[in-house]
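The next block holds one structure in the form of structure tokens; read it before the comments.
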Amino acid sequence: MTNICSFSKASHHLCSSTWCLMSCFYRLVLARVNSFCIQLCYFLSVSFFGFVLLKVLKPRTHDSFKPRNLDLFFTSVSATTVSSMSTVEMEVFSNSQLIVLTILMLIGGEIFTSMVGLHFKKSQLKKMENKISSLENNDPSTYQSGLVMAEKQDFENLESGNQETSLDSSVDFLKYKSIKFLCFVVSGYFIAVQVLGVSLVSTYLALVSSSRNVLKNKGLNLLTFSIFSVVSTFANCGFLPTNENMVVFKNNSGLLLILIPQILLGNTLFPSCLRFCVWFLGKFFKRVESNYLLKKTSEIGYFHLLPSHHSSYLFVTVFGFIITQFILFCSMEWNSAGLSGLNSYQKTIGILFQTMNTRYAGESIVDLSTISSAILVLFVVMMYLPPYTSFLPIKDDEEMYKKKRNRRGELLENILFSQLSYLAIFIILVCITERQKLKEDPLNFNVLNIVVEVVSAYGSVGFTTGYSCDRQTQPNSNCVNKFYGFSGKWSDEGKIILIVVMVFGRLKKFNMDGGRAWKLL
């Protein structure tokens, strides 16, 4: 009995030591490994896990059609990187597979991944929590005055170099509490916007028979569709459980109006809305942390919390792009076949929805292969632009670039290409793999369609011109039109290249300064 007790204690001690060692090693690895490598491993591992689940679960059409392994992995990567490129029809997937895709889009979205990083940053400062809690509980007045002193010192006296050692801990307290407060704001924003969206979509589908009948005829669950569509739209993925995407709902202007805010709040306007939320909570709940977040955004280091002027410029730029696209689309496509059967109100809402989706969301109410080439080129430009693009002057851009340059090193910077260079390389590679089809089927396989597909995958948008048997110059009687992307007709090599493009595009924020060493004279 004594031996058993001794063995039990030794085993417990060994397990505790092993766990402690693994924890230390884990923290060491996370502290030293580059953020790019961490996110690359994250997206690849999640994509593989999603592929395994999609493989295990049976599709709706398992008796007549079963997707190939490459197509399942392609779909998993597409959902995880929120690219929404498709090589199989969406109605092939069963309800359980749609739930898996919903989870992949949820945990692959930019706001979720940034939120995880923010919580990790908070955990790195967790050692201060006991000290902070002790001070806050035992002497609230001293704690609050310390925060106020830290705020005053940090904002007014820091530049003069008169920071006193006695205030160091208060400044640390303030920074920790500010990051903790920001975690709360981002998490609340992430949950509240999507819960509200799901509630509105579910209510609309329950009340409007025409939209509800679409789901009924396709055998889609109402709640699954509502959650799937809102998560996809908020994450700016663009997947929908229907084969035709939003084309089948182009008459339902109410549904389009519900989804439009989700598009903006989940991507291009997230920094502006986040800053507003922080200001609002600080204004009406008197949070000291709010002031720190608004005035010292660079100290926090959260990518989506932009300075005041940048957030304002971004807001103006986003709506400037939307208005420009809306005017051009109306002037060239108002009487097009894709909008036939719609009244003026429905056309206006439909065009507004379509132009909103060119910046990352990728949902569509028209067949892109039928619109004019000029509009298609405009969409390519919009898809290429980073989400927080601002063409209005930001005076500290050059200073920020110099700091990044010193931090990252000149050697790495000199060997990096620009984003346009990588896109050109990917397009050339796809043209090589599909060179035979470019000769035999030039109306479907042309350079413009390939450019749209590659830029769409790189920009995590999901727009596609599709493939039509009617455009074949040498008609094939066995050809059947399918509701999936143009890449669905590519060779396996072309699909693998597009998988690389989707992952590379999802991580393009790490290469925003690439190509600066290349001088064109």
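Identifiers in the structure tokens: chain A, B, ... in order shown; residue index from 1 per chain; ligand index from 1 in order shown.
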
Note to self: List as an MDAnalysis selection string the protein and nucleic acid residues near stretch 236-244 of chain A, meaning an atom at most 8 Å away when only C-alpha atoms are counted, but skip any in the same chain fewer than 5 places from it.
What the structure shows: chainID A and resid 79 81:84 89:91 98 105 109 218 220 225 228:229 263 266:267 360:363 460:462 483:484

Query raised in the report: If you count only C-alpha atoms, which residues fall within 12 Å of stretch 335-344 of chain A, apart from same-chain ones fewer than 6 positions away, as a list of chain:residue names?
Result: A:Val247, A:Val248, A:Phe249, A:Lys250, A:Asn251, A:Asn252, A:Ser253, A:Phe329, A:Gly350, A:Ile351, A:Gln354, A:Ser364, A:Ile365, A:Val366, A:Asp367, A:Leu368, A:Ser369, A:Thr370, A:Ile371, A:Ser372

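For the atom pair formed by atom CA of A:Lys66 and atom CA of A:Val88, the distance is 9.8 Å, given to one decimal.
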
Original post:
Quick one: residues within 9 Å of A:Tyr302, only C-alpha atoms counted, chain neighbours fewer than 3 positions away excluded, as a VMD selection string?
Top reply: chain A and resid 114 117 to 118 297 to 299 305 to 306

Could you take the residues named above and write them with C-alpha atoms, as a PDB file, in the first residue's frame?
ATOM      1  CA  SER A 114      -7.415  39.074 -34.332  1.00  0.00           C
ATOM      2  CA  GLY A 117      -4.362  37.325 -30.762  1.00  0.00           C
ATOM      3  CA  LEU A 118      -5.686  40.077 -28.509  1.00  0.00           C
ATOM      4  CA  THR A 297      -3.563  53.105 -30.285  1.00  0.00           C
ATOM      5  CA  SER A 298       0.053  52.344 -31.237  1.00  0.00           C
ATOM      6  CA  GLU A 299       0.848  51.354 -27.637  1.00  0.00           C
ATOM      7  CA  LEU A 305      -7.728  49.859 -33.813  1.00  0.00           C
ATOM      8  CA  LEU A 306      -6.718  52.715 -36.064  1.00  0.00           C
TER       9      LEU A 306
END

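What separates atom CA of A:Ser47 from atom CA of A:Thr268 is a distance of 24.8 Å.
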